[in-house]
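Containing TSV, C-alpha atoms and all ligand atoms: protein_38.tsv.
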```tsv
chain	number	residue	atom	x	y	z
N	23	MET	CA	0.88	13.82	9.00
N	24	LYS	CA	4.38	12.45	8.79
N	25	LEU	CA	4.56	13.34	5.12
N	26	LYS	CA	7.76	14.60	3.65
N	27	SER	CA	6.81	17.88	2.06
N	28	LEU	CA	10.29	19.31	1.69
N	29	GLY	CA	11.56	20.04	-1.78
N	30	LEU	CA	12.15	16.39	-2.37
N	31	ALA	CA	11.65	16.41	-6.11
N	32	SER	CA	14.33	19.01	-6.59
N	33	ILE	CA	16.74	17.08	-4.35
N	34	LEU	CA	16.07	13.95	-6.37
N	35	LEU	CA	16.46	15.81	-9.64
N	36	VAL	CA	19.94	16.85	-8.64
N	37	ALA	CA	20.77	13.47	-7.14
N	38	CYS	CA	19.55	11.45	-10.11
N	39	GLY	CA	20.17	13.81	-12.98
N	40	ASP	CA	22.92	12.93	-15.42
N	41	SER	CA	25.38	15.65	-16.47
N	42	SER	CA	23.39	16.68	-19.55
N	43	SER	CA	20.08	17.05	-17.69
N	44	GLN	CA	21.62	19.39	-15.13
N	45	GLU	CA	21.70	22.07	-17.78
N	46	ALA	CA	18.34	21.19	-19.25
N	47	SER	CA	15.62	23.79	-19.35
N	48	SER	CA	12.75	23.58	-16.87
N	49	VAL	CA	10.53	22.25	-19.65
N	50	GLU	CA	12.87	19.35	-20.27
N	51	THR	CA	13.35	18.59	-16.58
N	52	ALA	CA	9.58	18.58	-16.15
N	53	LYS	CA	9.45	15.86	-18.77
N	54	LYS	CA	11.99	13.74	-17.01
N	55	GLN	CA	10.97	13.62	-13.36
N	56	PRO	CA	13.08	11.02	-11.53
N	57	ASP	CA	11.18	7.98	-10.39
N	58	ASN	CA	10.82	8.01	-6.62
N	59	SER	CA	7.90	5.52	-6.58
N	60	ILE	CA	7.53	1.77	-6.38
N	61	ALA	CA	4.35	-0.27	-6.83
N	62	VAL	CA	3.63	-2.76	-4.04
N	63	LEU	CA	1.40	-5.64	-5.14
N	64	GLN	CA	-0.90	-7.21	-2.56
N	65	TYR	CA	-2.04	-10.81	-2.93
N	66	HIS	CA	-3.94	-13.16	-0.58
N	67	HIS	CA	-4.82	-16.66	-1.85
N	68	VAL	CA	-3.13	-18.30	-4.82
N	69	SER	CA	-5.66	-21.02	-5.57
N	70	GLU	CA	-8.58	-22.02	-7.78
N	71	THR	CA	-10.79	-23.06	-4.87
N	72	THR	CA	-10.72	-20.07	-2.50
N	73	PRO	CA	-13.06	-16.99	-2.55
N	74	ALA	CA	-12.60	-15.26	-5.93
N	75	VAL	CA	-12.44	-11.74	-4.51
N	76	THR	CA	-9.23	-12.48	-2.56
N	77	SER	CA	-7.75	-15.04	-4.95
N	78	ILE	CA	-5.63	-15.35	-8.02
N	79	THR	CA	-5.29	-18.71	-9.76
N	80	PRO	CA	-1.83	-20.31	-9.96
N	81	LYS	CA	-2.01	-19.87	-13.74
N	82	GLN	CA	-2.78	-16.14	-13.48
N	83	PHE	CA	-0.08	-15.74	-10.87
N	84	LYS	CA	2.48	-17.25	-13.23
N	85	GLN	CA	1.26	-14.81	-15.91
N	86	HIS	CA	1.98	-11.93	-13.52
N	87	LEU	CA	5.52	-13.16	-12.90
N	88	ASP	CA	6.05	-13.69	-16.65
N	89	TYR	CA	4.79	-10.16	-17.26
N	90	LEU	CA	7.22	-8.72	-14.69
N	91	GLU	CA	10.10	-10.66	-16.17
N	92	GLU	CA	9.30	-9.90	-19.83
N	93	ASN	CA	8.87	-6.20	-19.06
N	94	GLU	CA	12.14	-6.09	-17.12
N	95	PHE	CA	10.74	-5.01	-13.78
N	96	SER	CA	13.17	-4.86	-10.87
N	97	VAL	CA	11.54	-6.95	-8.14
N	98	LEU	CA	12.85	-5.56	-4.85
N	99	SER	CA	12.50	-6.98	-1.37
N	100	ILE	CA	10.34	-4.92	0.95
N	101	GLU	CA	13.45	-3.98	2.98
N	102	GLN	CA	15.32	-2.84	-0.15
N	103	ALA	CA	12.38	-0.64	-1.15
N	104	HIS	CA	12.16	0.79	2.38
N	105	GLN	CA	15.85	1.60	2.42
N	106	ARG	CA	15.70	3.36	-0.95
N	107	ILE	CA	12.75	5.45	0.21
N	108	GLU	CA	14.41	6.34	3.52
N	109	ASN	CA	17.56	7.44	1.68
N	110	ASP	CA	15.68	9.19	-1.18
N	111	GLU	CA	17.62	7.06	-3.63
N	112	GLY	CA	14.85	6.73	-6.20
N	113	PHE	CA	13.97	3.60	-8.18
N	114	PRO	CA	14.57	2.11	-11.59
N	115	ASP	CA	11.76	3.15	-13.96
N	116	LYS	CA	9.97	-0.16	-13.46
N	117	ALA	CA	10.18	-1.51	-9.92
N	118	VAL	CA	7.83	-3.58	-7.79
N	119	VAL	CA	7.49	-5.25	-4.37
N	120	ILE	CA	5.41	-8.45	-4.07
N	121	THR	CA	3.43	-9.00	-0.85
N	122	PHE	CA	0.99	-11.63	0.43
N	123	ASP	CA	-1.37	-11.10	3.36
N	124	ASP	CA	-2.45	-13.84	5.80
N	125	GLY	CA	0.18	-16.50	4.95
N	126	TYR	CA	-2.19	-19.08	3.45
N	127	ASP	CA	-0.92	-22.60	2.83
N	128	ASN	CA	-1.79	-22.22	-0.89
N	129	VAL	CA	0.93	-19.54	-1.15
N	130	PHE	CA	3.45	-22.18	-0.06
N	131	GLU	CA	1.98	-24.69	-2.47
N	132	HIS	CA	1.43	-22.55	-5.59
N	133	ALA	CA	3.37	-19.27	-5.32
N	134	ALA	CA	6.57	-20.01	-3.41
N	135	PRO	CA	7.96	-22.58	-5.91
N	136	LEU	CA	7.35	-20.16	-8.82
N	137	LEU	CA	8.91	-17.22	-6.97
N	138	ALA	CA	11.93	-19.39	-6.17
N	139	ASP	CA	12.20	-20.35	-9.87
N	140	TYR	CA	12.02	-16.70	-10.95
N	141	ASP	CA	14.39	-15.73	-8.12
N	142	MET	CA	12.04	-12.97	-6.94
N	143	PRO	CA	11.92	-11.75	-3.31
N	144	TYR	CA	8.56	-11.21	-1.57
N	145	ALA	CA	7.00	-10.50	1.81
N	146	VAL	CA	4.35	-12.50	3.68
N	147	PHE	CA	2.32	-10.82	6.45
N	148	VAL	CA	1.25	-13.50	8.97
N	149	ASN	CA	-1.12	-13.86	11.96
N	150	PRO	CA	0.59	-16.09	14.58
N	151	ASP	CA	-2.57	-16.72	16.68
N	152	LEU	CA	-4.54	-17.80	13.59
N	153	MET	CA	-1.73	-20.15	12.57
N	154	LYS	CA	-2.18	-21.85	15.94
N	155	GLU	CA	-5.99	-21.95	15.71
N	156	SER	CA	-6.32	-23.24	12.12
N	157	PRO	CA	-3.02	-24.88	11.18
N	158	SER	CA	-4.42	-26.46	8.01
N	159	ALA	CA	-5.29	-23.09	6.45
N	160	TYR	CA	-1.96	-21.35	7.04
N	161	MET	CA	1.72	-21.99	6.47
N	162	SER	CA	3.50	-23.52	9.45
N	163	TRP	CA	6.58	-21.94	11.05
N	164	GLU	CA	8.60	-24.68	9.40
N	165	GLN	CA	7.24	-23.73	5.97
N	166	LEU	CA	7.77	-20.03	6.68
N	167	LYS	CA	11.36	-20.79	7.61
N	168	GLN	CA	11.76	-22.65	4.32
N	169	ILE	CA	10.47	-19.75	2.18
N	170	GLN	CA	12.48	-17.30	4.27
N	171	GLN	CA	15.59	-19.18	3.19
N	172	GLN	CA	14.43	-18.78	-0.43
N	173	GLY	CA	14.15	-14.99	-0.17
N	174	ALA	CA	10.86	-14.25	1.60
N	175	THR	CA	10.54	-11.70	4.41
N	176	ILE	CA	8.04	-12.78	7.07
N	177	VAL	CA	6.25	-9.82	8.60
N	178	ASN	CA	3.41	-8.87	10.91
N	179	HIS	CA	-0.35	-8.90	10.17
N	180	GLY	CA	-1.38	-8.94	13.86
N	181	GLN	CA	-2.07	-11.90	16.15
N	182	THR	CA	-5.78	-12.20	15.51
N	183	HIS	CA	-6.78	-10.44	12.25
N	184	ALA	CA	-9.36	-8.42	14.19
N	185	HIS	CA	-10.98	-5.12	13.20
N	186	LEU	CA	-8.42	-3.32	15.35
N	187	ILE	CA	-9.89	0.17	15.28
N	188	ARG	CA	-13.40	-0.98	16.20
N	189	ARG	CA	-13.65	-0.34	19.94
N	190	ARG	CA	-15.42	-3.01	22.00
N	191	ALA	CA	-18.45	-2.18	24.12
N	192	SER	CA	-17.27	-0.27	27.24
N	193	GLU	CA	-13.60	-0.75	26.26
N	194	THR	CA	-11.47	2.00	27.85
N	195	GLU	CA	-8.66	3.68	25.92
N	196	GLU	CA	-6.18	1.89	28.19
N	197	GLN	CA	-7.77	-1.51	27.49
N	198	TRP	CA	-7.75	-0.79	23.76
N	199	ARG	CA	-4.04	0.11	23.87
N	200	GLU	CA	-3.34	-3.16	25.69
N	201	ARG	CA	-5.27	-5.04	23.03
N	202	MET	CA	-3.26	-3.29	20.29
N	203	HIS	CA	-0.04	-4.07	22.17
N	204	TYR	CA	-1.00	-7.74	22.21
N	205	ASP	CA	-1.97	-7.79	18.54
N	206	VAL	CA	1.10	-5.94	17.25
N	207	ILE	CA	3.94	-6.48	19.73
N	208	SER	CA	3.29	-10.06	20.79
N	209	ALA	CA	2.84	-11.07	17.14
N	210	GLN	CA	6.22	-9.51	16.38
N	211	GLN	CA	7.76	-11.35	19.31
N	212	ALA	CA	6.33	-14.65	18.04
N	213	ILE	CA	7.72	-14.02	14.53
N	214	ASP	CA	11.14	-12.95	15.82
N	215	ALA	CA	11.33	-15.96	18.18
N	216	LYS	CA	10.63	-18.43	15.37
N	217	LEU	CA	12.46	-16.81	12.47
N	218	GLY	CA	15.03	-14.44	13.91
N	219	GLU	CA	14.54	-10.71	14.13
N	220	GLN	CA	12.38	-9.47	11.26
N	221	PRO	CA	11.78	-5.87	10.15
N	222	LYS	CA	8.99	-4.08	11.97
N	223	TYR	CA	6.45	-3.87	9.18
N	224	PHE	CA	2.75	-4.20	10.03
N	225	ALA	CA	-0.06	-4.74	7.52
N	226	TYR	CA	-3.37	-3.59	9.00
N	227	PRO	CA	-5.98	-6.37	8.96
N	228	TYR	CA	-8.66	-5.32	6.39
N	229	GLY	CA	-6.47	-2.27	5.72
N	230	GLU	CA	-8.20	-0.51	8.63
N	231	TYR	CA	-6.43	2.13	10.73
N	232	ASP	CA	-7.12	5.36	12.52
N	233	ALA	CA	-4.88	8.15	13.86
N	234	GLU	CA	-4.58	6.49	17.31
N	235	LEU	CA	-3.38	3.21	15.85
N	236	GLN	CA	-1.01	5.06	13.49
N	237	ASN	CA	0.45	6.89	16.49
N	238	LEU	CA	0.98	3.61	18.35
N	239	LEU	CA	2.76	2.02	15.36
N	240	ASP	CA	4.92	5.11	15.05
N	241	GLU	CA	5.72	5.01	18.78
N	242	TRP	CA	6.62	1.31	18.52
N	243	GLY	CA	8.82	1.87	15.45
N	244	PHE	CA	6.66	0.12	12.85
N	245	LEU	CA	5.82	0.98	9.27
N	246	GLY	CA	2.09	0.49	8.56
N	247	PHE	CA	0.88	-1.03	5.28
N	248	ALA	CA	-2.67	-0.32	4.13
N	249	GLN	CA	-4.84	-1.76	1.35
N	250	HIS	CA	-5.87	1.24	-0.68
N	251	SER	CA	-4.09	1.81	-3.95
N	252	GLY	CA	-1.11	3.89	-4.96
N	253	PRO	CA	2.65	3.56	-5.23
N	254	TRP	CA	5.00	3.79	-2.25
N	255	SER	CA	7.25	6.87	-2.30
N	256	PRO	CA	8.91	9.37	0.04
N	257	TYR	CA	5.55	11.19	-0.04
N	258	SER	CA	3.81	8.20	1.59
N	259	ASP	CA	2.66	8.41	5.17
N	260	LYS	CA	4.91	5.89	6.97
N	261	THR	CA	1.95	4.40	8.79
N	262	ALA	CA	-0.40	4.33	5.76
N	263	ILE	CA	1.72	2.91	2.94
N	264	THR	CA	-0.48	2.15	-0.05
N	265	ARG	CA	-0.46	-1.08	-2.07
N	266	PHE	CA	-2.18	-2.20	-5.27
N	267	PRO	CA	-4.55	-5.14	-4.71
N	268	ALA	CA	-3.80	-7.80	-7.35
N	269	SER	CA	-6.47	-10.43	-6.59
N	270	GLY	CA	-9.97	-10.99	-7.97
N	271	ILE	CA	-10.96	-8.37	-10.55
N	272	TYR	CA	-7.68	-6.53	-9.87
N	273	ALA	CA	-5.63	-9.46	-11.21
N	274	ASN	CA	-6.28	-8.26	-14.78
N	275	LEU	CA	-2.91	-7.39	-16.29
N	276	LYS	CA	-4.43	-4.82	-18.65
N	277	THR	CA	-5.44	-2.64	-15.69
N	278	LEU	CA	-2.53	-3.65	-13.49
N	279	ASP	CA	-0.05	-2.50	-16.14
N	280	ALA	CA	-0.76	1.24	-15.64
N	281	LYS	CA	-0.71	0.81	-11.85
N	282	LEU	CA	2.65	-0.95	-11.93
N	283	LYS	CA	4.11	1.90	-13.96
N	284	SER	CA	2.40	4.68	-12.01
N	285	ARG	CA	4.16	7.22	-9.84
N	286	ALA	CA	3.05	8.73	-6.56
N	287	LEU	CA	1.20	12.02	-6.87
N	288	PRO	CA	3.43	14.38	-4.84
N	289	VAL	CA	0.96	14.88	-1.99
N	290	ALA	CA	2.21	17.10	0.85
N	291	ASP	CA	-1.00	16.97	2.89
N	292	TYR	CA	-4.58	15.72	2.70
N	293	LYS	CA	-7.74	15.82	4.76
N	294	PRO	CA	-9.39	13.90	6.22
N	295	SER	CA	-6.01	12.33	7.07
N	296	GLU	CA	-7.52	9.24	8.70
N	297	PRO	CA	-10.12	6.98	7.08
N	298	LEU	CA	-12.71	6.66	9.84
N	299	ILE	CA	-15.51	9.18	9.34
N	300	ALA	CA	-18.82	9.65	11.13
N	301	TYR	CA	-21.92	7.78	9.99
N	302	ASP	CA	-23.64	11.06	9.11
N	303	ASP	CA	-20.58	12.39	7.22
N	304	GLU	CA	-22.14	10.98	4.07
N	305	ARG	CA	-20.20	12.90	1.43
N	306	PRO	CA	-16.91	14.01	2.98
N	307	THR	CA	-14.82	16.57	1.09
N	308	LEU	CA	-11.32	15.35	0.25
N	309	ARG	CA	-8.81	18.22	0.24
N	310	VAL	CA	-5.34	17.54	-1.16
N	311	THR	CA	-2.29	19.82	-1.22
N	312	LEU	CA	0.47	18.92	-3.65
N	313	ALA	CA	4.14	19.61	-3.01
N	314	HIS	CA	4.55	20.63	-6.66
N	315	THR	CA	3.02	19.91	-10.05
N	316	ASP	CA	6.23	19.31	-12.02
N	317	GLY	CA	5.90	16.60	-14.62
N	318	LEU	CA	2.14	16.14	-14.41
N	319	GLN	CA	-0.78	17.47	-16.40
N	320	GLN	CA	-2.50	19.38	-13.64
N	321	LYS	CA	-5.58	20.31	-15.70
N	322	ALA	CA	-6.20	16.65	-16.46
N	323	LEU	CA	-6.18	15.57	-12.80
N	324	ARG	CA	-9.38	13.66	-12.00
N	325	CYS	CA	-10.66	11.75	-9.00
N	326	PHE	CA	-12.81	8.64	-8.95
N	327	GLN	CA	-15.26	7.35	-6.38
N	328	GLY	CA	-16.98	4.09	-7.32
N	329	THR	CA	-17.95	4.64	-10.95
N	330	ASP	CA	-18.24	8.44	-10.56
N	331	VAL	CA	-15.67	10.81	-12.02
N	332	LEU	CA	-15.07	13.80	-9.73
N	333	GLN	CA	-13.82	17.06	-11.22
N	334	PRO	CA	-11.46	18.80	-8.77
N	335	THR	CA	-11.97	22.37	-7.59
N	336	TRP	CA	-8.60	24.14	-7.32
N	337	GLN	CA	-8.30	26.50	-4.32
N	338	ASP	CA	-4.88	27.66	-5.44
N	339	GLU	CA	-2.05	26.33	-7.61
N	340	LEU	CA	-1.41	23.37	-5.35
N	341	THR	CA	-4.59	22.62	-3.40
N	342	PHE	CA	-7.71	20.97	-4.77
N	343	SER	CA	-10.83	19.43	-3.29
N	344	VAL	CA	-13.42	16.93	-4.46
N	345	LYS	CA	-16.75	15.87	-3.02
N	346	PRO	CA	-18.42	12.51	-3.73
N	347	LYS	CA	-21.57	12.75	-5.88
N	348	GLU	CA	-23.30	10.01	-3.92
N	349	ASN	CA	-23.22	9.06	-0.23
N	350	LEU	CA	-20.19	6.91	0.55
N	351	PRO	CA	-21.25	3.31	1.17
N	352	ILE	CA	-21.21	1.89	4.70
N	353	GLY	CA	-17.83	0.21	5.22
N	354	ARG	CA	-14.55	0.69	3.39
N	355	SER	CA	-14.31	2.80	0.24
N	356	ARG	CA	-11.81	5.10	-1.38
N	357	ILE	CA	-11.36	8.11	-3.59
N	358	ASN	CA	-8.57	7.69	-6.14
N	359	CYS	CA	-7.02	10.65	-7.93
N	360	THR	CA	-4.82	10.39	-11.01
N	361	ALA	CA	-3.11	12.78	-13.38
N	362	PRO	CA	-1.34	11.88	-16.62
N	363	ALA	CA	2.35	12.67	-16.85
N	364	ASP	CA	3.63	15.32	-19.25
N	365	ALA	CA	5.61	12.58	-20.93
N	366	GLY	CA	6.69	9.03	-20.37
N	367	THR	CA	5.17	7.38	-17.31
N	368	PRO	CA	1.42	6.92	-17.69
N	369	TYR	CA	-0.06	8.22	-14.41
N	370	TYR	CA	0.52	9.93	-11.12
N	371	TRP	CA	-1.65	8.26	-8.49
N	372	PHE	CA	-3.07	8.99	-5.04
N	373	SER	CA	-5.76	7.27	-3.01
N	374	ALA	CA	-7.55	8.26	0.18
N	375	ALA	CA	-9.26	5.53	2.22
N	376	PHE	CA	-12.60	5.97	3.96
N	377	ILE	CA	-14.42	3.85	6.52
N	378	ARG	CA	-18.01	4.92	7.10
N	379	PRO	CA	-19.60	3.02	9.98
N	380	ASP	CA	-23.32	2.31	10.25
N	381	ALA	CA	-25.44	4.02	12.91
N	382	GLU	CA	-24.28	1.40	15.46
N	383	GLY	CA	-20.58	2.05	14.72
N	384	SER	CA	-20.00	-1.21	12.83
N	385	TRP	CA	-19.35	-2.16	9.19
N	386	PRO	CA	-19.04	-5.33	7.11
N	387	ASP	CA	-15.85	-7.41	6.77
A	401	ZN	ZN	-5.55	-10.11	5.97
```
Can you turn what I pasted into structure tokens?
Amino acid sequence: MKLKSLGLASILLVACGDSSSQEASSVETAKKQPDNSIAVLQYHHVSETTPAVTSITPKQFKQHLDYLEENEFSVLSIEQAHQRIENDEGFPDKAVVITFDDGYDNVFEHAAPLLADYDMPYAVFVNPDLMKESPSAYMSWEQLKQIQQQGATIVNHGQTHAHLIRRRASETEEQWRERMHYDVISAQQAIDAKLGEQPKYFAYPYGEYDAELQNLLDEWGFLGFAQHSGPWSPYSDKTAITRFPASGIYANLKTLDAKLKSRALPVADYKPSEPLIAYDDERPTLRVTLAHTDGLQQKALRCFQGTDVLQPTWQDELTFSVKPKENLPIGRSRINCTAPADAGTPYYWFSAAFIRPDAEGSWPD
């Protein structure tokens, strides 16, 4: 849904090609696909004392910024990246957006001063109701205003950080929509009232969404940011934009390096298109249709689920499917697919998110 499957690559080739490449053979053009992707890093805590799985230490965080600087990454604001994607302008070879979820006070203490020093823009997704409830854990409006003046964009993570797609007992569709309206729209109103009108970008709490919530965001004019991996590109679903987690075990620069340099697999369509599956759908088939295979080593495309490597079955030149070897775990999981490039950039990347509820329709945080 909402994927751009038009001949985007060819448009970009013309738009970005220099005069010599316009006459290049198809082999040469395949080697030099223009870069239409940008990696979006997702952080939470920047602290030594918070839960390891959602934290990076201040020292590691500085190493990340040093790495970006030494390797000459263009650090774009989230609005700049959005604009380039909307206009199919492409990106410099190495480009990145930095984001933080939840707006913890340790981001103000440990990350904001460094980002100001390095003159790098970033986005912080905040939960206004939680800021009211636990002021000591989160940045205040005053602090948010301060970092906004230093180049941060303050955006929407919902009022309450609830599991939005989990319907409450006997909740009607109408009541659920009202609850979503409160969580998304009133949070945006709170942000705009305190900080001036901000772009309508919403990061799903826990990265959880379904087709109904995507439709609401679309109706209300929001982009939706998820938490499964992959670069952001014109192929991204506007209400399921992927980001690379960079906390906990994912903070390792050796593994982050390939992700930062990856490009979006040109996915025109995939099924299931929404993450929530049935409890008894233990091993769902993922079916992916590519817009083209230019620039990538199609035969070397592989998918990964947990520690399992999944060999794709090709239905035709552009469509493949994979099936997990084991039952998907209860809760959130993903299937990642990557293919090496013909030349240059290390990997093309795509990820599909899954949420498998337990028999009672619930799942862990
Ligand atoms: Zn969060």
Determine, counting all atoms listed in the file, every residue of protein, DNA or RNA that lies within 9 Å of (-11.7, 13.6, 6.8) in the file coordinates, then give the result as a ChimeraX atom specification.
/N:292-299,303,306-309,376
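The gap separating atom CA of N:Val75 from atom CA of N:Ser269 is 6.5 Å, in Å to one decimal.
Shortest separation to N:Asp115 among N:Ser208, N:Ser384, N:Ser96, N:Ser258 occurs at residue N:Ser96, atoms counted being all atoms listed in the file.
Among the candidates N:Ala134, N:Leu332, N:Leu282, N:Ala290, the residue lying nearest to N:Glu348 is N:Leu332 (atoms considered: only C-alpha atoms).
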Please build the interface table for stretch 237-338 of chain N against stretch 85-89 of chain N with a cut-off of 12 Å, listing for each qualifying residue the nearest atom pair and the distance in Å to one decimal; count all atoms listed in the file, order rows by chain and increasing number, and write it as a Markdown table.
```
| residue | atom | partner | partner_atom | distance |
| --- | --- | --- | --- | --- |
| N:Ala268 | CA | N:His86 | CA | 9.4 |
| N:Ser269 | CA | N:His86 | CA | 11.0 |
| N:Tyr272 | CA | N:His86 | CA | 11.7 |
| N:Ala273 | CA | N:His86 | CA | 8.3 |
| N:Asn274 | CA | N:His86 | CA | 9.1 |
| N:Leu275 | CA | N:His86 | CA | 7.2 |
| N:Lys276 | CA | N:Tyr89 | CA | 10.7 |
| N:Leu278 | CA | N:His86 | CA | 9.4 |
| N:Asp279 | CA | N:Tyr89 | CA | 9.1 |
| N:Leu282 | CA | N:Tyr89 | CA | 10.9 |
```
Mind writing the picked residues with C-alpha atoms as a short mmCIF file (atom, residue, chain, number, x, y, z; two decimals), in the coordinates of the input?
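And here is the file that came out, out.cif:
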```cif
data_model
loop_
_atom_site.label_atom_id
_atom_site.label_comp_id
_atom_site.auth_asym_id
_atom_site.auth_seq_id
_atom_site.Cartn_x
_atom_site.Cartn_y
_atom_site.Cartn_z
CA ALA N 268 -3.80 -7.80 -7.35
CA SER N 269 -6.47 -10.43 -6.59
CA TYR N 272 -7.68 -6.53 -9.87
CA ALA N 273 -5.63 -9.46 -11.21
CA ASN N 274 -6.28 -8.26 -14.78
CA LEU N 275 -2.91 -7.39 -16.29
CA LYS N 276 -4.43 -4.82 -18.65
CA LEU N 278 -2.53 -3.65 -13.49
CA ASP N 279 -0.05 -2.50 -16.14
CA LEU N 282 2.65 -0.95 -11.93
#
```
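Residues in contact with ligand ZN 401 (chain A) comprise N:Tyr65, N:His66, N:Thr76, N:Phe122, N:Asp123, N:Asp124, N:Gly125, N:Tyr126, N:Phe147, N:Val148, N:Asn149, N:His179, N:Gly180, N:Thr182, N:His183, N:Ala184, N:Ala225, N:Tyr226, N:Pro227, N:Tyr228, N:Gly229, N:Gln249, where contact means an atom-to-atom distance of at most 10 Å counting all atoms listed in the file.
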Quick one: of N:Ser77, N:Gln319, N:Ser373, N:Asn128, who's nearest to N:Met161, counting all atoms listed in the file?
N:Asn128
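The closest residue to N:Asp302, picked from N:Arg378, N:Asp259, N:Gly353, N:Leu239 and counting all atoms listed in the file, is N:Arg378.
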Expected axis-aligned box over every listed atom of stretch 311-322 of chain N, 4 Å added per side, centre plus edges in Å to one decimal, as lines of an AutoDock Vina configuration file:
```
center_x = 0.0
center_y = 18.4
center_z = -8.8
size_x = 20.4
size_y = 12.5
size_z = 23.2
```
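Taking atom CA of N:Ala145 and atom CA of N:Pro56 as the two end points, the separation is 26.0 Å.
The two atoms in question, atom CA of N:Ala248 and atom CA of N:Arg265, are spaced 6.6 Å apart.
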